[in-house]
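**Student:** Below you'll find the structure I mean.
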Amino acid sequence: MIFSSVLFLLVFLPVAIILYCVAGTAPFSKESTVQRIKNGVLLLVSLLFYGMGGYKYLILLGSVLIINYLGGLAASLETPIYRKMALAYSVVADLGILFAFKYLNLFVCVFENCTSGKTALENWTNIVTLTRTGVVDYTDIILPIGISFYIFQSISYVADVYKKEAQVQKNFFDFALYVSFFPQLIAGPIVKYSDIDKQIRSRRETFEKVSDGVGRFIYGLAKKALIADTMAEIADEIWGMKLEGLGAGVAWLAAISYTLQIYFDFSGYSDMAIGLGKIFGFEFKENFNYPYISGSVQEFWRRWHISLSTWFKEYVYIPLGGSRKGMGKTLLNIFIVFLLTGIWHGANLTFLAWGLIYAVLLIIERLFLGKLLKKKPMRVIGTIYTLFAVILAWVFFRSDNLFQASELIGQMFSKGQNEYTVFTFLSMKAIITFVFAILLCFPVYPAIKKRVEANKTAAKILAPIETIWQIILLLYSLLVIISGSYNAFIYFNF
Amino acid sequence: MKNSVFKTISFIFILTVPTIVWLLIMVISPDTFKKLNFDLSEKRELTKLESIEDIATSGEILTDYAADRAPFRSNLITFYQSLQADIEVPYEDVIKPKLLALMFKGAEGGAVAELDDGPGSSLFAGNSGDQSEPDEPIANDNPEIDDKKHTYEVANTVEPTCYKPGYVEYICSDCGKTYKEDLPAKGHNYFVAGDIEPSYEDFGYTLNVCSDCWYQLRTNIQPRLVDENYFAPNTKGNVILGRYNWLFMGTDLDFFKGSNLLTADELTDYVTTLAELKAACDRNNKELVIFFAPNKSSVYREFMPSYKMDSEQNRAQQITSCVKEFTDIRIVYPLDQLRYADRYWRMYFKYDTHWNEMGAFIGAQSINEILGNPVIDPLSIDVRQKTVPADGDLFGLGGIKPDNYPEDYKYEYIYRDDIVVTAQEGQMDGAIFKTTSTNPNGKKMIVLGDSFRGRMSPVFMKDYTYYTAAHIENIGDVTQDILDSDVIVIESVERFDYTLYSAAKQVKRLLNGE
């Protein structure tokens with residue numbers, strides 16, 4: 001189920017909130033019992049949420065829960081050897097599941113083509129376009145939604161319990177809630193168990209917190225429905241065309257549209273997740289911090305998908321030695337981490353290329369460029385360089401395969417007369433959205449908030465104004481979402 | 001009220017109350033519910049919930065179901081679309097063209113119109129055949145050769161018109177013997193109504209009007225004006241927005257640019273398939289015509305936006321020239337004929353993918369020409385141009401509203417009104433259409449084609465005693481008609497040459513008894 005849909009907004013969410021409120025009024029004297037009931041309600045709606053995608057996936061989720069719950073129990077035993085084994089088994093099982101459901105298709109494709117006996121060029125072309133020869137009797141597996149997130153979340157739990165950084169959760173249902181809580185189950189942020197442990201056991205909801213959550217949720221919804229989806233229309237249209245003769249203008253339009261789409265889509269989702277968490281009394285950590293104003297790629301990765309880079313730092317980079325074993329090792333670790341970060345996003349060589357671009361740039365920045373960019377006068381140049389790299393990397397990320405990516409990039413740097421103008425793809429709605437999107441890439445809102453909070457009377461006046469604005473955004477987003485179902489699917493007779 | 005409380009309550013309110021009100025209306029007043037849930041002409045069925053199994057396997061159905069049944073959906077969508085129109089229409093009409101003009105000042109120009117008197121004119125200039133075959137021989141009994149003496153009186157006079165000869169019928173008041181005296185057709189009595197300057201959209205000409213029947217004839221035709229400016233490609237949905245408000249099918253583009261020519265293998269395969277069909281037709285004593293109705297964008301290439309062409313030749317020309325070179329198949333791609341006839345009448349609808357009545361007429365006559373049938377000079381029949389409000393399938397395909405689009409033309413003509421259709425089965429635009437006429441040639445023609453075949457029927461149903469027109473998908477239903485026919489025409493529009501290919505295979509198998 002996606003957040004920006006009629007089913008979620010007008011059916012699921014109100015029911016979930018009402019059930020939760022009712023649960024909270026359960027007439028039990030012991031607070032922990034009431035908490036149990038509230039958690040139970042949350043777990044139930046979360047499983048329902050995930051089950052809407054197909055009941056088979058619930059079985060998968062259930063298996064992951066059982067494996068990691070037991071893994072956590074075992075990792076908290078006294079004997080070091082048992083703890084080590086528990087960690088090993090859990091990690092292997094988790095990564096095995098992830099590999100099977102996500103990467104097996106690619107693996108089979110590579111295997112088939114490497115043993116096909118055709119020329120190297122043919123094999124390479126087939127691998128790049130994920131064309132199978134069909135030799136192996138295997139049907140491609142559909143990727144279960146959210147699997148990358150909840151597998152990583154489970155691994156972080158067992159690892160933290162092993163490292164004694166988190167308390168083991170002996171209650172299966174509370175553990176299940178941690179992994180499958182619907183706000184962050186599908187698209188993150190990846191929540192560390194220690195961040196959420198206390199909140200599962202006890203939390204207090206206040207109107208203050210809930211309304212904060214509501215506001216945050218509405219901002220996220222607007223980002224997704226109003227900005228990201230509009231940008232997506234443009235990007236999808238251009239990426240769906242024959243790229244020959246596109247021209248530099250349109251190619252850049254496509255790249256920039258996607259750059260904005262993915263930011264507003266993903267950060268919008270994180271906003272909604274954080275907002276929803278707040279409504280139910282949970283505080284999640286921020287996942288985005290205005291990444292497109294970064295002055296270097298290093299800075300970009302401190303501002304983009306923070307929970308993922310944190311996860312890779314803690315569970316891959318540092319265990320490999322981090323930056324404590326000399327420059328050579330450091331660079332290798334960076335390389336490994338970013339290749340993995342790339343491939344985590346999807347089973348396609350394009351994601352590998354995307355990760356590779358960042359790996360190379362981060363290595364260069366580590367060597368000398370980073371220090372250079374930190375100097376004050378380099379701020380603007382650094383931002384331009386970073387944006388340039390980020391936009392080009394997104395072209396790989398979005399493309400169906402390496403060929404399409406290189407074609408589009410080729411068009412971005414082409415000269416000569418093109419067939420299309422950017423206006424072929426720009427409506428007035430798109431232009432207005434672009435203006436807002438670019439504006440909101442800058443930390444305008446935090447800047448305003450800072451000023452306002454310094455002045456108590458201003459805060460008092462502006463709070464209800466912000467509320468009215470959020471209500472307008474909510475209503476308009478609903479209007480756009482409902483209208484989005486209009487599909488004048490036309491049949492014509494030939 | 002505290003701000004946070006207000007915000008929370010408003011949120012819950014917005015997410016629940018409209019749904020509850022909607023459900024209440026549905027339960028309490030089904031009539032109001034129906035009225036609010038009006039049809040948006042989406043031309044699709046709203047999602048239905050079929051079985052529990054469907055829901056359990058994929059939640060998408062539920063998502064779509066909820067989306068299709070959102071509260072006040074019809075009203076909200078209509079409101080949103082009007083909002084969109086409010087900002088988009090001024091943009092499309094005013095701002096965007098100005099921006100495009102600024103961007104492309106002095107850019108390379110568009111296609112050039114030519115006025116050539118090439119092979120397309122072979123259908124004109126009244127070449128072969130009679131205008132009509134009279135129902136009965138005109139009795140020219142010479143009253144003086146008769147042995148008896150008759151007293152003849154005028155019994156009946158049929159005045160000749162501009163087109164048709166008339167006669168005076170005499171009857172002997174004594175014995176009742178009759179004879180007829182021909183009155184030749186009057187021909188038109190033209191006066192010059194005016195000189196029209198060539199424009200970008202139409203030719204220049206001297207307009208001659210017949211003072212008797214108001215038939216209009218263009219003479220002294222000059223080519224259209226050429227627009228030197230770059231016209232940026234612009235599409236809406238699957239529709240290309242051409243110059244002067246002309247709309248074209250988006251899928252024409254590769255054919256237009258000549259960027260989808262067949263490979264040598266594909267061409268060989270195609271021509272071989274047609275040759276096998278021809279052999280089967282020869283064995284069964286049937287005549288065969290292969291016909292590509294040109295894409296609108298091939299005929300009206302001057303109205304297309306500025307594209308870079310990939311090849312001088314297009315795919316239909318490639319196939320046609322190859323077939324002509326290596327086989328004796330009668331294949332017609334009447335691009336030149338249509339472009340020639342365009343100087344007199346529009347050949348295609350402006351906002352529709354199809355040719356109009358006159359385009360189809362020219363197409364049909366080009367088939368008659370290759371078959372060696374009598375060809376009626378289009379300038380010799382009564383053709384009337386009528387204006388019609390803007391309408392066509394391209395509006396729907398592009399999601400464009402036809403308001404504010406200029407009028408289009410349609411044509412009415414009288415063709416061989418001496419021949420009468422005595423029996424008819426099916427509708428002219430239906431899947432299968434069969435006629436029997438008083439044409440004395442006793443021959444049977446069948447046209448297997450797509451949606452371009454319908455407008456050719458008014459010609460062929462008069463030119464043949466037995467005529468069948470069927471959609472290519474219905475070949476299975478007209479197998480006997482195919483086996484009985486003397487002439488088989490397989491037609492497809494230029495961009496669907498592959499359906500012609502598979503139809504050719506089907507017919508070949510049928511004729512070979514496979």
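Just remember, in the structure tokens the first chain shown is A, the second B, etc., residues are 1-based per chain, and ligands are 1-based in the order shown.
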Considering only C-alpha atoms, extract the chain B residues located within 8 Å of chain A and return them as a ChimeraX atom specification.
**Tutor:** /B:3-5,7-8,10-12,14-16,19,41-44,55-60,62-64,66-68,70,73,76-77,80,84,87-88,91-92,96,100,232-235,306-308,396-397,450-451
**Student:** I'd like the contact shell of segment 222-238 of chain A - 9 Å cut-off, only C-alpha atoms, skipping same-chain residues fewer than 5 positions apart - returned as a ChimeraX atom specification.
**Tutor:** /A:4,217,243,246,250-251,253-269,271,425-426,429-430,433-434,436-437,473-474,476-478,480-481
**Student:** Take the residues from that selection and write them out as a CSV table (one decimal), in the first residue's frame, keeping N, CA and C atoms.
**Tutor:**
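The result, written out as result36.csv:
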chain,number,residue,atom,x,y,z
A,4,SER,N,0.4,7.6,-0.5
A,4,SER,CA,-0.3,8.7,-1.3
A,4,SER,C,-1.4,8.0,-2.1
A,217,PHE,N,3.6,14.8,8.4
A,217,PHE,CA,3.0,13.9,7.4
A,217,PHE,C,2.4,14.7,6.2
A,243,LEU,N,15.9,7.7,-27.4
A,243,LEU,CA,16.8,8.8,-27.0
A,243,LEU,C,17.6,9.4,-28.1
A,246,LEU,N,17.5,13.4,-29.2
A,246,LEU,CA,16.8,14.1,-28.1
A,246,LEU,C,17.3,15.5,-27.9
A,250,VAL,N,16.6,18.7,-23.7
A,250,VAL,CA,15.6,17.8,-23.2
A,250,VAL,C,16.3,16.7,-22.3
A,251,ALA,N,17.5,16.3,-22.7
A,251,ALA,CA,18.2,15.3,-21.9
A,251,ALA,C,18.5,15.9,-20.5
A,253,LEU,N,16.8,18.2,-19.1
A,253,LEU,CA,15.5,18.3,-18.4
A,253,LEU,C,15.1,17.0,-17.8
A,254,ALA,N,15.4,15.9,-18.5
A,254,ALA,CA,15.1,14.6,-17.9
A,254,ALA,C,15.9,14.3,-16.7
A,255,ALA,N,17.2,14.6,-16.8
A,255,ALA,CA,18.0,14.3,-15.6
A,255,ALA,C,17.7,15.2,-14.4
A,256,ILE,N,17.4,16.4,-14.6
A,256,ILE,CA,17.0,17.3,-13.5
A,256,ILE,C,15.7,16.9,-12.9
A,257,SER,N,14.7,16.6,-13.8
A,257,SER,CA,13.4,16.2,-13.3
A,257,SER,C,13.6,15.0,-12.4
A,258,TYR,N,14.4,14.0,-12.9
A,258,TYR,CA,14.5,12.8,-12.0
A,258,TYR,C,15.2,13.1,-10.7
A,259,THR,N,16.2,14.0,-10.8
A,259,THR,CA,16.9,14.4,-9.6
A,259,THR,C,16.0,15.0,-8.6
A,260,LEU,N,15.0,15.8,-9.0
A,260,LEU,CA,14.1,16.4,-8.1
A,260,LEU,C,13.0,15.3,-7.7
A,261,GLN,N,12.6,14.5,-8.7
A,261,GLN,CA,11.6,13.5,-8.4
A,261,GLN,C,12.1,12.6,-7.2
A,262,ILE,N,13.3,12.1,-7.3
A,262,ILE,CA,13.7,11.1,-6.3
A,262,ILE,C,13.9,11.7,-5.0
A,263,TYR,N,14.4,13.0,-5.0
A,263,TYR,CA,14.5,13.6,-3.7
A,263,TYR,C,13.2,13.8,-3.0
A,264,PHE,N,12.3,14.4,-3.7
A,264,PHE,CA,11.0,14.7,-3.1
A,264,PHE,C,10.2,13.5,-2.8
A,265,ASP,N,10.3,12.5,-3.7
A,265,ASP,CA,9.6,11.2,-3.4
A,265,ASP,C,10.2,10.6,-2.1
A,266,PHE,N,11.5,10.4,-2.1
A,266,PHE,CA,12.1,9.7,-1.0
A,266,PHE,C,12.0,10.5,0.3
A,267,SER,N,12.4,11.8,0.3
A,267,SER,CA,12.3,12.5,1.5
A,267,SER,C,10.9,12.8,1.9
A,268,GLY,N,10.0,12.8,0.9
A,268,GLY,CA,8.6,12.9,1.2
A,268,GLY,C,8.1,11.7,2.0
A,269,TYR,N,8.5,10.5,1.5
A,269,TYR,CA,8.2,9.3,2.2
A,269,TYR,C,8.7,9.3,3.6
A,271,ASP,N,9.4,11.8,5.4
A,271,ASP,CA,8.6,12.8,6.2
A,271,ASP,C,7.3,12.2,6.7
A,425,PHE,N,7.7,19.1,-23.3
A,425,PHE,CA,7.4,18.3,-22.1
A,425,PHE,C,7.0,19.2,-20.9
A,426,LEU,N,7.0,20.5,-21.1
A,426,LEU,CA,6.7,21.3,-19.9
A,426,LEU,C,5.3,21.9,-20.1
A,429,LYS,N,1.8,23.7,-15.2
A,429,LYS,CA,1.9,23.0,-13.9
A,429,LYS,C,3.3,22.5,-13.6
A,430,ALA,N,3.9,22.0,-14.7
A,430,ALA,CA,5.3,21.5,-14.5
A,430,ALA,C,6.3,22.7,-14.2
A,433,THR,N,5.7,23.8,-10.7
A,433,THR,CA,6.3,22.8,-9.7
A,433,THR,C,7.8,22.9,-9.7
A,434,PHE,N,8.4,23.1,-10.8
A,434,PHE,CA,9.9,23.2,-10.9
A,434,PHE,C,10.4,24.3,-10.0
A,436,PHE,N,8.9,25.7,-7.4
A,436,PHE,CA,8.7,25.3,-5.9
A,436,PHE,C,9.8,24.3,-5.6
A,437,ALA,N,10.0,23.3,-6.4
A,437,ALA,CA,10.9,22.2,-6.1
A,437,ALA,C,12.3,22.7,-5.9
A,473,LEU,N,-2.8,22.3,2.1
A,473,LEU,CA,-1.9,21.4,1.4
A,473,LEU,C,-2.6,20.0,1.4
A,474,LEU,N,-3.1,19.6,2.5
A,474,LEU,CA,-3.7,18.3,2.7
A,474,LEU,C,-4.9,18.2,1.7
A,476,TYR,N,-5.5,19.9,-1.0
A,476,TYR,CA,-5.1,19.9,-2.4
A,476,TYR,C,-4.4,18.6,-2.8
A,477,SER,N,-3.6,18.1,-1.9
A,477,SER,CA,-3.0,16.8,-2.2
A,477,SER,C,-4.0,15.7,-2.4
A,478,LEU,N,-5.1,15.7,-1.6
A,478,LEU,CA,-6.2,14.7,-1.7
A,478,LEU,C,-6.8,14.9,-3.1
A,480,VAL,N,-5.5,16.1,-5.8
A,480,VAL,CA,-4.6,15.6,-6.9
A,480,VAL,C,-4.6,14.1,-6.9
A,481,ILE,N,-4.6,13.5,-5.7
A,481,ILE,CA,-4.5,12.0,-5.6
A,481,ILE,C,-5.8,11.4,-6.2
**Student:** Determine, using only C-alpha atoms, which residues of segment 286-383 of chain B have any atom at most 8 Å from an atom of segment 162-171 of chain B, and tabulate each with its shortest atom pair and distance in Å to one decimal place, rows ordered by chain and then rising number, as JSON lines.
**Tutor:**
{"residue": "B:Ser380", "atom": "CA", "partner": "B:Tyr163", "partner_atom": "CA", "distance": 7.6}
{"residue": "B:Ile381", "atom": "CA", "partner": "B:Tyr163", "partner_atom": "CA", "distance": 7.3}
{"residue": "B:Asp382", "atom": "CA", "partner": "B:Tyr163", "partner_atom": "CA", "distance": 7.7}
**Student:** I'd like the contact shell of Asn439 of chain B - 7 Å cut-off, only C-alpha atoms, skipping same-chain residues fewer than 2 positions apart - returned as a list in words.
**Tutor:**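 The residues satisfying every condition are Ile419, Ser437, Asn441, Gly442, Lys462, Asp463, Tyr464 and Thr465 of chain B.
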**Student:** Near Asn39 of chain A, within 12 Å and counting only C-alpha atoms, which residues show up once chain neighbours fewer than 5 positions away are dropped, as number ranges by chain?
**Tutor:** A: 16, 19-21, 23-24, 32-34, 44-46, 171-178, 180-181, 199-203, 280-282
**Student:** So that I can check the secondary structure, give me every residue of segment 144-241 of chain A assigned helix (DSSP H, G or I) by backbone DSSP, as an MDAnalysis selection string.
**Tutor:** chainID A and resid 147:162 172:180 182:185 193:201 207:239
**Student:** Could you please take those selected residues and save C-alpha atoms as an mmCIF file, in the first residue's frame?
**Tutor:**
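Below is the file that was written, selection_9.cif:
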data_model
loop_
_atom_site.group_PDB
_atom_site.id
_atom_site.type_symbol
_atom_site.label_atom_id
_atom_site.label_comp_id
_atom_site.auth_asym_id
_atom_site.auth_seq_id
_atom_site.Cartn_x
_atom_site.Cartn_y
_atom_site.Cartn_z
ATOM 1 C CA ILE A 147 12.472 -6.475 1.804
ATOM 2 C CA SER A 148 15.726 -4.507 1.615
ATOM 3 C CA PHE A 149 14.579 -2.347 4.495
ATOM 4 C CA TYR A 150 13.320 -4.902 6.943
ATOM 5 C CA ILE A 151 16.175 -7.328 6.309
ATOM 6 C CA PHE A 152 18.680 -4.585 7.068
ATOM 7 C CA GLN A 153 16.699 -3.550 10.084
ATOM 8 C CA SER A 154 16.715 -7.131 11.366
ATOM 9 C CA ILE A 155 20.452 -7.507 10.814
ATOM 10 C CA SER A 156 21.052 -4.292 12.762
ATOM 11 C CA TYR A 157 19.032 -5.719 15.676
ATOM 12 C CA VAL A 158 20.954 -8.959 15.949
ATOM 13 C CA ALA A 159 24.277 -7.173 15.481
ATOM 14 C CA ASP A 160 23.439 -4.594 18.166
ATOM 15 C CA VAL A 161 22.355 -7.298 20.585
ATOM 16 C CA TYR A 162 25.596 -9.163 19.871
ATOM 17 C CA PHE A 172 8.107 -11.694 20.145
ATOM 18 C CA PHE A 173 5.284 -9.275 19.455
ATOM 19 C CA ASP A 174 7.258 -6.239 20.518
ATOM 20 C CA PHE A 175 10.109 -7.420 18.323
ATOM 21 C CA ALA A 176 7.701 -7.949 15.457
ATOM 22 C CA LEU A 177 6.425 -4.434 15.923
ATOM 23 C CA TYR A 178 9.938 -3.043 15.689
ATOM 24 C CA VAL A 179 10.555 -4.717 12.334
ATOM 25 C CA SER A 180 7.170 -4.408 10.696
ATOM 26 C CA PHE A 182 4.037 0.191 8.925
ATOM 27 C CA PRO A 183 5.359 3.780 8.722
ATOM 28 C CA GLN A 184 8.913 2.606 8.044
ATOM 29 C CA LEU A 185 8.388 -0.944 6.817
ATOM 30 C CA TYR A 193 16.671 -1.075 17.676
ATOM 31 C CA SER A 194 18.329 0.877 20.453
ATOM 32 C CA ASP A 195 16.697 4.053 19.180
ATOM 33 C CA ILE A 196 13.257 2.581 19.496
ATOM 34 C CA ASP A 197 13.528 0.085 22.334
ATOM 35 C CA LYS A 198 12.333 2.333 25.133
ATOM 36 C CA GLN A 199 9.581 3.792 22.976
ATOM 37 C CA ILE A 200 8.085 0.386 22.342
ATOM 38 C CA ARG A 201 7.897 -0.285 26.033
ATOM 39 C CA PHE A 207 -1.716 16.612 21.233
ATOM 40 C CA GLU A 208 1.516 18.498 20.723
ATOM 41 C CA LYS A 209 3.351 15.466 19.402
ATOM 42 C CA VAL A 210 0.436 14.222 17.357
ATOM 43 C CA SER A 211 -0.125 17.562 15.678
ATOM 44 C CA ASP A 212 3.603 17.792 14.941
ATOM 45 C CA GLY A 213 3.321 14.394 13.354
ATOM 46 C CA VAL A 214 0.258 15.444 11.399
ATOM 47 C CA GLY A 215 2.046 18.516 10.068
ATOM 48 C CA ARG A 216 5.111 16.531 9.122
ATOM 49 C CA PHE A 217 2.991 13.895 7.432
ATOM 50 C CA ILE A 218 1.162 16.540 5.410
ATOM 51 C CA TYR A 219 4.425 18.109 4.226
ATOM 52 C CA GLY A 220 5.650 14.690 3.148
ATOM 53 C CA LEU A 221 2.393 13.938 1.357
ATOM 54 C CA ALA A 222 2.560 17.248 -0.515
ATOM 55 C CA LYS A 223 6.176 16.578 -1.496
ATOM 56 C CA LYS A 224 5.168 13.238 -2.941
ATOM 57 C CA ALA A 225 1.817 14.008 -4.547
ATOM 58 C CA LEU A 226 2.427 17.532 -5.750
ATOM 59 C CA ILE A 227 6.115 17.717 -6.561
ATOM 60 C CA ALA A 228 7.554 14.232 -7.004
ATOM 61 C CA ASP A 229 4.683 12.885 -9.107
ATOM 62 C CA THR A 230 4.755 15.912 -11.429
ATOM 63 C CA MET A 231 8.494 15.559 -11.941
ATOM 64 C CA ALA A 232 7.976 11.844 -12.499
ATOM 65 C CA GLU A 233 5.607 12.526 -15.400
ATOM 66 C CA ILE A 234 8.336 14.408 -17.233
ATOM 67 C CA ALA A 235 11.119 11.960 -16.422
ATOM 68 C CA ASP A 236 9.005 8.929 -17.322
ATOM 69 C CA GLU A 237 7.942 10.438 -20.629
ATOM 70 C CA ILE A 238 11.464 11.236 -21.761
ATOM 71 C CA TRP A 239 12.977 8.001 -20.481
#
**Student:** Contacts of Asn474 of chain B at 9 Å or less, counting only C-alpha atoms, minus same-chain residues fewer than 5 places along, as number ranges by chain?
**Tutor:** B: 431-432, 448
